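Here is query-v8.pdb, consisting of PDB, C-alpha atoms:
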```pdb
ATOM      1  CA  MET A   9      74.264  -8.881-109.790  1.00  0.00           C
ATOM      2  CA  LYS A  10      75.830  -9.480-106.357  1.00  0.00           C
ATOM      3  CA  SER A  11      78.555 -11.684-107.863  1.00  0.00           C
ATOM      4  CA  LEU A  12      79.339  -8.972-110.421  1.00  0.00           C
ATOM      5  CA  ILE A  13      79.843  -6.410-107.646  1.00  0.00           C
ATOM      6  CA  ILE A  14      82.085  -8.843-105.740  1.00  0.00           C
ATOM      7  CA  PHE A  15      84.098  -9.444-108.925  1.00  0.00           C
ATOM      8  CA  PHE A  16      84.773  -5.719-109.478  1.00  0.00           C
ATOM      9  CA  VAL A  17      85.593  -5.079-105.823  1.00  0.00           C
ATOM     10  CA  THR A  18      88.038  -8.014-105.869  1.00  0.00           C
ATOM     11  CA  LEU A  19      89.559  -6.780-109.118  1.00  0.00           C
ATOM     12  CA  ALA A  20      90.071  -3.307-107.677  1.00  0.00           C
ATOM     13  CA  LEU A  21      91.615  -4.624-104.466  1.00  0.00           C
ATOM     14  CA  PHE A  22      94.040  -7.096-106.002  1.00  0.00           C
ATOM     15  CA  ASN A  23      94.937  -5.654-109.396  1.00  0.00           C
ATOM     16  CA  PRO A  24      98.247  -3.759-109.116  1.00  0.00           C
ATOM     17  CA  LEU A  25      97.364  -1.660-112.181  1.00  0.00           C
ATOM     18  CA  VAL A  26      94.440  -0.039-110.367  1.00  0.00           C
ATOM     19  CA  THR A  27      95.803   2.952-108.449  1.00  0.00           C
ATOM     20  CA  SER A  28      94.316   5.772-106.448  1.00  0.00           C
ATOM     21  CA  ALA A  29      93.301   8.855-108.394  1.00  0.00           C
ATOM     22  CA  ASN A  30      95.698  10.800-106.173  1.00  0.00           C
ATOM     23  CA  VAL A  31      98.866   8.933-107.122  1.00  0.00           C
ATOM     24  CA  VAL A  32     101.182  10.998-109.292  1.00  0.00           C
ATOM     25  CA  GLU A  33     103.946   9.047-111.013  1.00  0.00           C
ATOM     26  CA  VAL A  34     106.823  11.253-112.135  1.00  0.00           C
ATOM     27  CA  ALA A  35     110.394  10.327-113.077  1.00  0.00           C
ATOM     28  CA  GLY A  36     110.354   6.982-111.296  1.00  0.00           C
ATOM     29  CA  TYR A  37     108.708   8.231-108.088  1.00  0.00           C
ATOM     30  CA  GLN A  38     105.148   7.797-106.827  1.00  0.00           C
ATOM     31  CA  PHE A  39     103.715  10.762-104.953  1.00  0.00           C
ATOM     32  CA  VAL A  40     100.627   9.700-103.005  1.00  0.00           C
ATOM     33  CA  ALA A  41      98.423  12.654-102.113  1.00  0.00           C
ATOM     34  CA  PRO A  42      95.731  12.466 -99.431  1.00  0.00           C
ATOM     35  CA  ASP A  43      92.364  11.240-100.730  1.00  0.00           C
ATOM     36  CA  GLU A  44      90.632  14.521 -99.898  1.00  0.00           C
ATOM     37  CA  TRP A  45      92.882  16.521-102.242  1.00  0.00           C
ATOM     38  CA  LYS A  46      91.150  17.339-105.523  1.00  0.00           C
ATOM     39  CA  GLN A  47      93.260  16.485-108.543  1.00  0.00           C
ATOM     40  CA  SER A  48      92.311  18.387-111.675  1.00  0.00           C
ATOM     41  CA  GLU A  49      93.264  18.163-115.326  1.00  0.00           C
ATOM     42  CA  PRO A  50      96.596  19.957-115.895  1.00  0.00           C
ATOM     43  CA  SER A  51      95.952  23.395-117.387  1.00  0.00           C
ATOM     44  CA  SER A  52      99.031  23.242-119.645  1.00  0.00           C
ATOM     45  CA  SER A  53     101.254  20.622-121.264  1.00  0.00           C
ATOM     46  CA  MET A  54     104.126  21.691-118.976  1.00  0.00           C
ATOM     47  CA  ARG A  55     102.229  20.390-115.939  1.00  0.00           C
ATOM     48  CA  LYS A  56     102.355  16.694-115.077  1.00  0.00           C
ATOM     49  CA  ALA A  57      99.664  16.966-112.400  1.00  0.00           C
ATOM     50  CA  GLN A  58      97.846  19.596-110.375  1.00  0.00           C
ATOM     51  CA  PHE A  59      95.702  19.716-107.274  1.00  0.00           C
ATOM     52  CA  ASN A  60      93.246  22.358-106.085  1.00  0.00           C
ATOM     53  CA  LEU A  61      93.495  22.490-102.301  1.00  0.00           C
ATOM     54  CA  SER A  62      90.906  24.128-100.037  1.00  0.00           C
ATOM     55  CA  THR A  63      90.826  24.572 -96.297  1.00  0.00           C
ATOM     56  CA  LYS A  64      87.671  24.149 -94.235  1.00  0.00           C
ATOM     57  CA  ALA A  65      87.687  27.953 -93.873  1.00  0.00           C
ATOM     58  CA  GLY A  66      87.508  28.354 -97.675  1.00  0.00           C
ATOM     59  CA  LYS A  67      91.129  29.392 -98.298  1.00  0.00           C
ATOM     60  CA  SER A  68      92.678  27.901-101.434  1.00  0.00           C
ATOM     61  CA  ALA A  69      95.994  26.943-102.993  1.00  0.00           C
ATOM     62  CA  GLU A  70      97.150  25.094-106.082  1.00  0.00           C
ATOM     63  CA  LEU A  71      99.843  22.409-106.079  1.00  0.00           C
ATOM     64  CA  VAL A  72     101.488  21.705-109.426  1.00  0.00           C
ATOM     65  CA  PHE A  73     104.013  19.046-110.489  1.00  0.00           C
ATOM     66  CA  PHE A  74     106.423  19.873-113.331  1.00  0.00           C
ATOM     67  CA  TYR A  75     108.906  17.515-114.986  1.00  0.00           C
ATOM     68  CA  PHE A  76     110.908  18.341-118.122  1.00  0.00           C
ATOM     69  CA  GLY A  77     113.020  15.206-118.536  1.00  0.00           C
ATOM     70  CA  PRO A  78     116.480  14.192-117.343  1.00  0.00           C
ATOM     71  CA  SER A  79     118.196  17.518-118.036  1.00  0.00           C
ATOM     72  CA  GLY A  80     115.266  19.904-118.541  1.00  0.00           C
ATOM     73  CA  GLY A  81     113.731  22.689-116.528  1.00  0.00           C
ATOM     74  CA  GLY A  82     116.839  24.747-115.860  1.00  0.00           C
ATOM     75  CA  GLY A  83     118.979  24.608-112.775  1.00  0.00           C
ATOM     76  CA  VAL A  84     117.909  24.767-109.166  1.00  0.00           C
ATOM     77  CA  ARG A  85     119.168  28.349-108.633  1.00  0.00           C
ATOM     78  CA  ALA A  86     117.406  29.649-111.782  1.00  0.00           C
ATOM     79  CA  ASN A  87     114.080  28.179-110.659  1.00  0.00           C
ATOM     80  CA  VAL A  88     114.453  29.421-107.081  1.00  0.00           C
ATOM     81  CA  ASP A  89     115.216  32.939-108.343  1.00  0.00           C
ATOM     82  CA  ARG A  90     112.292  32.880-110.790  1.00  0.00           C
ATOM     83  CA  TRP A  91     109.857  31.708-108.121  1.00  0.00           C
ATOM     84  CA  ILE A  92     110.985  34.385-105.654  1.00  0.00           C
ATOM     85  CA  LYS A  93     110.707  37.087-108.356  1.00  0.00           C
ATOM     86  CA  GLN A  94     107.033  36.179-108.769  1.00  0.00           C
ATOM     87  CA  PHE A  95     106.445  38.005-105.468  1.00  0.00           C
ATOM     88  CA  GLU A  96     106.423  41.694-104.565  1.00  0.00           C
ATOM     89  CA  ASP A  97     106.386  43.166-101.080  1.00  0.00           C
ATOM     90  CA  LEU A  98     108.134  40.071 -99.723  1.00  0.00           C
ATOM     91  CA  GLN A  99     107.379  39.583 -96.056  1.00  0.00           C
ATOM     92  CA  GLU A 100     109.156  36.253 -95.821  1.00  0.00           C
ATOM     93  CA  LYS A 101     111.454  34.167 -97.985  1.00  0.00           C
ATOM     94  CA  SER A 102     113.673  31.189 -97.359  1.00  0.00           C
ATOM     95  CA  VAL A 103     115.605  28.597 -99.302  1.00  0.00           C
ATOM     96  CA  LYS A 104     116.675  25.380 -97.602  1.00  0.00           C
ATOM     97  CA  GLU A 105     118.442  22.332 -99.014  1.00  0.00           C
ATOM     98  CA  GLU A 106     117.901  18.930 -97.412  1.00  0.00           C
ATOM     99  CA  MET A 107     118.941  15.374 -98.116  1.00  0.00           C
ATOM    100  CA  VAL A 108     115.905  13.120 -97.986  1.00  0.00           C
ATOM    101  CA  LYS A 109     116.760   9.434 -98.317  1.00  0.00           C
ATOM    102  CA  GLU A 110     119.870  10.299-100.379  1.00  0.00           C
ATOM    103  CA  VAL A 111     117.945  12.684-102.670  1.00  0.00           C
ATOM    104  CA  LYS A 112     118.623  16.419-102.585  1.00  0.00           C
ATOM    105  CA  VAL A 113     115.472  18.500-102.104  1.00  0.00           C
ATOM    106  CA  THR A 114     115.489  22.302-102.178  1.00  0.00           C
ATOM    107  CA  TYR A 115     112.543  23.923-100.401  1.00  0.00           C
ATOM    108  CA  VAL A 116     111.575  27.497-101.288  1.00  0.00           C
ATOM    109  CA  ARG A 117     109.162  29.599 -99.254  1.00  0.00           C
ATOM    110  CA  ALA A 118     107.891  33.104 -99.951  1.00  0.00           C
ATOM    111  CA  THR A 119     105.060  35.272 -98.656  1.00  0.00           C
ATOM    112  CA  GLY A 120     103.851  38.596-100.049  1.00  0.00           C
ATOM    113  CA  THR A 121     102.003  39.738-103.158  1.00  0.00           C
ATOM    114  CA  PHE A 122     102.037  36.995-105.787  1.00  0.00           C
ATOM    115  CA  LEU A 123     102.170  38.186-109.405  1.00  0.00           C
ATOM    116  CA  SER A 124      99.899  35.681-111.103  1.00  0.00           C
ATOM    117  CA  GLY A 125     100.135  35.159-114.850  1.00  0.00           C
ATOM    118  CA  SER A 126     102.201  33.584-117.602  1.00  0.00           C
ATOM    119  CA  PRO A 127     105.932  34.377-117.673  1.00  0.00           C
ATOM    120  CA  PHE A 128     105.690  36.910-120.514  1.00  0.00           C
ATOM    121  CA  GLY A 129     102.083  38.031-120.131  1.00  0.00           C
ATOM    122  CA  PRO A 130     100.282  40.512-117.898  1.00  0.00           C
ATOM    123  CA  LYS A 131     100.380  39.908-114.149  1.00  0.00           C
ATOM    124  CA  THR A 132      97.594  40.065-111.591  1.00  0.00           C
ATOM    125  CA  PRO A 133      98.817  41.047-108.098  1.00  0.00           C
ATOM    126  CA  LYS A 134      97.453  38.783-105.366  1.00  0.00           C
ATOM    127  CA  PRO A 135      98.330  40.090-101.901  1.00  0.00           C
ATOM    128  CA  GLY A 136      98.365  37.735 -98.928  1.00  0.00           C
ATOM    129  CA  HIS A 137      99.713  34.798-100.907  1.00  0.00           C
ATOM    130  CA  SER A 138     102.496  32.329-100.224  1.00  0.00           C
ATOM    131  CA  LEU A 139     104.639  29.786-102.023  1.00  0.00           C
ATOM    132  CA  LEU A 140     106.014  26.444-100.991  1.00  0.00           C
ATOM    133  CA  GLY A 141     108.235  25.124-103.753  1.00  0.00           C
ATOM    134  CA  ALA A 142     110.269  21.933-103.787  1.00  0.00           C
ATOM    135  CA  ILE A 143     112.876  20.868-106.302  1.00  0.00           C
ATOM    136  CA  VAL A 144     113.535  17.139-106.043  1.00  0.00           C
ATOM    137  CA  GLU A 145     116.812  16.267-107.756  1.00  0.00           C
ATOM    138  CA  GLY A 146     115.804  12.716-108.645  1.00  0.00           C
ATOM    139  CA  ARG A 147     117.692   9.996-110.444  1.00  0.00           C
ATOM    140  CA  GLN A 148     115.828  10.735-113.727  1.00  0.00           C
ATOM    141  CA  GLY A 149     116.015  14.525-113.466  1.00  0.00           C
ATOM    142  CA  SER A 150     114.528  17.263-111.342  1.00  0.00           C
ATOM    143  CA  ILE A 151     110.875  17.262-110.334  1.00  0.00           C
ATOM    144  CA  PHE A 152     109.447  20.683-109.509  1.00  0.00           C
ATOM    145  CA  LEU A 153     106.536  20.976-107.087  1.00  0.00           C
ATOM    146  CA  LYS A 154     105.030  24.411-106.623  1.00  0.00           C
ATOM    147  CA  MET A 155     102.188  25.269-104.262  1.00  0.00           C
ATOM    148  CA  VAL A 156     100.876  28.837-104.420  1.00  0.00           C
ATOM    149  CA  GLY A 157      97.790  30.268-102.798  1.00  0.00           C
ATOM    150  CA  GLN A 158      96.339  32.215 -99.946  1.00  0.00           C
ATOM    151  CA  THR A 159      98.847  32.202 -97.092  1.00  0.00           C
ATOM    152  CA  LYS A 160      96.569  30.385 -94.640  1.00  0.00           C
ATOM    153  CA  ALA A 161      95.989  27.575 -97.163  1.00  0.00           C
ATOM    154  CA  VAL A 162      99.669  27.201 -98.061  1.00  0.00           C
ATOM    155  CA  ARG A 163     100.597  27.043 -94.369  1.00  0.00           C
ATOM    156  CA  GLU A 164      97.877  24.467 -93.673  1.00  0.00           C
ATOM    157  CA  PHE A 165      98.982  22.202 -96.524  1.00  0.00           C
ATOM    158  CA  GLU A 166     102.754  22.696 -96.094  1.00  0.00           C
ATOM    159  CA  GLU A 167     103.320  19.766 -93.746  1.00  0.00           C
ATOM    160  CA  PRO A 168     101.232  17.266 -95.772  1.00  0.00           C
ATOM    161  CA  VAL A 169     103.053  18.298 -98.983  1.00  0.00           C
ATOM    162  CA  ILE A 170     106.449  17.790 -97.350  1.00  0.00           C
ATOM    163  CA  GLU A 171     105.337  14.419 -95.945  1.00  0.00           C
ATOM    164  CA  MET A 172     104.141  13.373 -99.404  1.00  0.00           C
ATOM    165  CA  ILE A 173     107.531  14.302-100.891  1.00  0.00           C
ATOM    166  CA  GLU A 174     109.502  12.510 -98.193  1.00  0.00           C
ATOM    167  CA  ASN A 175     107.349   9.362 -98.445  1.00  0.00           C
ATOM    168  CA  SER A 176     107.708   9.265-102.234  1.00  0.00           C
ATOM    169  CA  LEU A 177     111.492   9.264-102.058  1.00  0.00           C
ATOM    170  CA  GLY A 178     111.457   5.942-100.245  1.00  0.00           C
ATOM    171  CA  ASN A 179     110.086   4.229-103.386  1.00  0.00           C
TER     172      ASN A 179
END
```
For this file, produce the structure as structure tokens.
Amino acid sequence: MKSLIIFFVTLALFNPLVTSANVVEVAGYQFVAPDEWKQSEPSSSMRKAQFNLSTKAGKSAELVFFYFGPSGGGGVRANVDRWIKQFEDLQEKSVKEEMVKEVKVTYVRATGTFLSGSPFGPKTPKPGHSLLGAIVEGRQGSIFLKMVGQTKAVREFEEPVIEMIENSLGN
């Protein structure tokens, strides 16, 4: 029994095919999320991965990865505009482009009342919510990361999300 346990531990440590549950591979990049983030089954076929994030104080946010292929998903401006329009009573909004290791990344931030729901369906207003979006213009097409949730949660997870993006672009 002991030798069987040692075998599986060795296999897990040295087999390159065994990866962490929190590694998201999209369009040639590996995004490594912190171990404490809870990855869940994507709720639609448009989503490549999603995480449910919770603060110690019980505030929550959802981080979703989208990828539509080399030329899919629409342009950067169209996505930025659509994300911003998902908010009413905007208290804060910003759009910032950065070069990260020779890859253009557009960060979008918004705070206000988030209109939750499908694009053409009914909307549920959620006051006190924020967005951190990132559009990574990668070599195999754009990768869209969108974190939406209670403002305190989005602010708490903002830095780790940006670090994850920046670290992935070094791959």
- Message: Can you pull out the residues contacting Ser79 of chain A? Cut-off 12 Å, using all atoms listed in the file, and skip same-chain residues under 4 positions away; I want them as a list in words.
- Response: Ala35, Tyr75, Gly83, Val84, Glu145, Gly146, Arg147, Gln148, Gly149, Ser150 and Ile151 of chain A
Write the selection just made, keeping C-alpha atoms, as a PDB file, in the frame of the given file?
```
ATOM      1  CA  ALA A  35     110.394  10.327-113.077  1.00  0.00           C
ATOM      2  CA  TYR A  75     108.906  17.515-114.986  1.00  0.00           C
ATOM      3  CA  GLY A  83     118.979  24.608-112.775  1.00  0.00           C
ATOM      4  CA  VAL A  84     117.909  24.767-109.166  1.00  0.00           C
ATOM      5  CA  GLU A 145     116.812  16.267-107.756  1.00  0.00           C
ATOM      6  CA  GLY A 146     115.804  12.716-108.645  1.00  0.00           C
ATOM      7  CA  ARG A 147     117.692   9.996-110.444  1.00  0.00           C
ATOM      8  CA  GLN A 148     115.828  10.735-113.727  1.00  0.00           C
ATOM      9  CA  GLY A 149     116.015  14.525-113.466  1.00  0.00           C
ATOM     10  CA  SER A 150     114.528  17.263-111.342  1.00  0.00           C
ATOM     11  CA  ILE A 151     110.875  17.262-110.334  1.00  0.00           C
TER      12      ILE A 151
END
```
Taking all atoms of segment 84-101 of chain A that the file lists, what box with edges along x, y and z, padded by 8 Å per side, do you get, with centre and edge lengths in Å to one decimal, as lines of an AutoDock Vina configuration file?
```
center_x = 112.8
center_y = 34.0
center_z = -103.8
size_x = 28.8
size_y = 34.4
size_z = 32.0
```
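Near Ser138 of chain A, within 6 Å and counting all atoms listed in the file, sit Ala118, Thr119, Val156, Gly157 and Thr159 of chain A, not including residues fewer than 5 positions from it in the same chain.
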Residues just named, written with C-alpha atoms as a PDB file, keeping the file's coordinate frame:
```
ATOM      1  CA  ALA A 118     107.891  33.104 -99.951  1.00  0.00           C
ATOM      2  CA  THR A 119     105.060  35.272 -98.656  1.00  0.00           C
ATOM      3  CA  VAL A 156     100.876  28.837-104.420  1.00  0.00           C
ATOM      4  CA  GLY A 157      97.790  30.268-102.798  1.00  0.00           C
ATOM      5  CA  THR A 159      98.847  32.202 -97.092  1.00  0.00           C
TER       6      THR A 159
END
```
- Item | Reference answer for the PyMOL selection byres ((chain A and resi 144) around 12), as an MDAnalysis selection string | chainID A and resid 34:37 39 73:75 81 83:84 87 105:116 141:143 145:154 170 173:174 176:177
- Separation of atom CA of Phe128 of chain A from atom CA of Glu70 of chain A, in Å and rounded to one decimal: 20.5 Å
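Counting all atoms listed in the file and comparing A:Thr132, A:Met155, A:Gln94, A:Ser124, the residue that lies closest to Val169 of chain A is A:Met155.
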- Written as a PyMOL selection string, what is the full residue list that the PyMOL selection byres ((chain A and resi 43-46) around 8) yields on the file shown? chain A and resi 30+41-42+47-48+59-61
Dump C-alpha atoms for the selected residues as a PDB file, keeping the file's coordinate frame?
```pdb
ATOM      1  CA  ASN A  30      95.698  10.800-106.173  1.00  0.00           C
ATOM      2  CA  ALA A  41      98.423  12.654-102.113  1.00  0.00           C
ATOM      3  CA  PRO A  42      95.731  12.466 -99.431  1.00  0.00           C
ATOM      4  CA  GLN A  47      93.260  16.485-108.543  1.00  0.00           C
ATOM      5  CA  SER A  48      92.311  18.387-111.675  1.00  0.00           C
ATOM      6  CA  PHE A  59      95.702  19.716-107.274  1.00  0.00           C
ATOM      7  CA  ASN A  60      93.246  22.358-106.085  1.00  0.00           C
ATOM      8  CA  LEU A  61      93.495  22.490-102.301  1.00  0.00           C
TER       9      LEU A  61
END
```
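Restricting the calculation to all atoms listed in the file, the smallest distance between Phe165 of chain A and any of A:Gln58, A:Thr63, A:Ser102, A:Ser53 is found for A:Thr63.
Atom CA of Gly120 of chain A lies 6.0 Å from atom CA of Phe95 of chain A.
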- Item | Best match for closeness to Glu164 of chain A among A:Arg55, A:Glu96, A:Leu139, A:Lys101, counting all atoms listed in the file |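 Nearest to Glu164 of chain A: A:Leu139.
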- Measure the distance from atom CA of Val162 of chain A to atom CA of Ser126 of chain A in Å and round it to one decimal.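 According to the coordinates, atom CA of Val162 of chain A and atom CA of Ser126 of chain A are separated by 20.7 Å.
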